[in-house]
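A.B. asks: One structure, as structure tokens, below. Some questions next.
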Amino acid sequence: QVQLVESGGGSVQAGGSLTLACTTSGHTSSAYFVAMGWFRQASGREREAVAAAYTDVPATYYANSVKGRFTISQDNAKRTVYLQMNTLQPEDTAMYYCAASDKGRLNIRLYDPSDYNYWGQGTQVTISS
């Protein structure tokens, strides 16, 4: 059974940094997923893509609101994807979810939650002003 487990959330002041990690298990190889991403959902708002990447080609997606501040990276040997978040702002407060997809690459829009079929439970990020 495939599992995604997020870690690294917490509470920091505006301007601070956090690194989220998503460790995957239950699949046959590190190349099992075609894409992995981070999404967030703030209270009363829809889930939105933050950053995502294909696992086999150097293509990424970043939401405009996080470009230049957040970086997604992967460690295939550790089956882990990271989200480095710098210069955090109160509007970054949300539950952050890791997602993965094993669909064909042509069927995946990195920014679309419906194209991901595996999800973690989420980790809360709270930024105070």
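Within each chain, counting starts at residue 1; across the structure tokens, chains are named A, B, ... in the order shown, with ligands numbered 1 upward in that order.
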Which polymer residues have any atom within 8 Å of an atom of Gln124 (chain A), counting only C-alpha atoms, with same-chain residues fewer than 4 positions away left out, as a ChimeraX atom specification?

C.D. replies: /A:9-10,93-96

A.B. asks: Show me, as CSV, the residues of region 17-54 of chain A having an atom within 6 Å of region 102-113 of chain A, each with the closest atom pair and its distance in Å, using only C-alpha atoms.

C.D. replies:
```
residue,atom,partner,partner_atom,distance
A:Phe33,CA,A:Asp102,CA,4.6
A:Val34,CA,A:Asp102,CA,5.2
A:Ala49,CA,A:Tyr111,CA,5.2
A:Ala52,CA,A:Leu110,CA,5.7
```

A.B. asks: Quote the spacing between CA of Thr87 (chain A) and CA of Ser65 (chain A) in Å to one decimal place.

C.D. replies: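 Separating CA of Thr87 (chain A) from CA of Ser65 (chain A) is a distance of 11.7 Å.
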
A.B. asks: Using the chain letters and numbers from this document, which residues of chain A does DSSP assign to strand (DSSP E), as a ChimeraX atom specification?

C.D. replies: /A:3-7,10-13,18-25,35-41,48-54,60-62,70-75,80-85,94-101,118-119,123-128

A.B. asks: Just the helix (DSSP H, G or I) stuff from chain A, please, per backbone DSSP, written as a list of chain:residue names.

C.D. replies: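 Restricting chain A to helix (DSSP H, G or I) produces A:Asn76, A:Ala77, A:Lys78, A:Pro90, A:Glu91, A:Asp92, A:Arg105, A:Leu106, A:Asn107, A:Pro113, A:Ser114, A:Asp115.
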
A.B. asks: Using Å and a single decimal, report how far CA of Val50 (chain A) sits from CA of Ala63 (chain A).

C.D. replies: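 Separation of CA of Ala63 (chain A) and CA of Val50 (chain A): 5.2 Å.
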
A.B. asks: Asp56 (chain A): which residues within 9 Å, counting only C-alpha atoms, same-chain residues fewer than 2 positions away excluded, as a PyMOL selection string?

C.D. replies: chain A and resi 31+34-35+53-54+58-59

A.B. asks: Export N, CA and C atoms of the chosen residues as a compact mmCIF listing (two decimals), in the first residue's frame?

C.D. replies:
```
# COMPACT_ATOMS: atom_id res chain seq x y z
N ALA A 31 11.26 5.10 -8.96
CA ALA A 31 10.73 5.65 -10.21
C ALA A 31 9.24 5.38 -10.35
N VAL A 34 5.37 9.42 -11.36
CA VAL A 34 5.74 10.26 -12.50
C VAL A 34 5.85 11.72 -12.07
N ALA A 35 5.07 12.10 -11.10
CA ALA A 35 5.11 13.49 -10.63
C ALA A 35 4.84 13.52 -9.13
N ALA A 53 6.73 18.76 -9.49
CA ALA A 53 7.78 18.42 -10.45
C ALA A 53 7.57 17.02 -10.97
N TYR A 54 7.97 16.82 -12.22
CA TYR A 54 8.04 15.47 -12.74
C TYR A 54 9.28 14.80 -12.14
N PRO A 58 13.36 17.41 -16.07
CA PRO A 58 13.54 18.63 -15.27
C PRO A 58 12.48 19.69 -15.56
N ALA A 59 11.26 19.39 -15.18
CA ALA A 59 10.17 20.34 -15.36
C ALA A 59 9.47 20.54 -14.03
```

A.B. asks: List the neighbours of Val5 (chain A) out to 12 Å using only C-alpha atoms; skip same-chain residues closer than 5 positions along the sequence, and give me the result as a ChimeraX atom specification.

C.D. replies: /A:20-26,79-82,96-100,118-123

A.B. asks: Could you please determine the separation between CA of Lys67 (chain A) and CA of Asn86 (chain A) in Å, to one decimal place?

C.D. replies: 10.4 Å
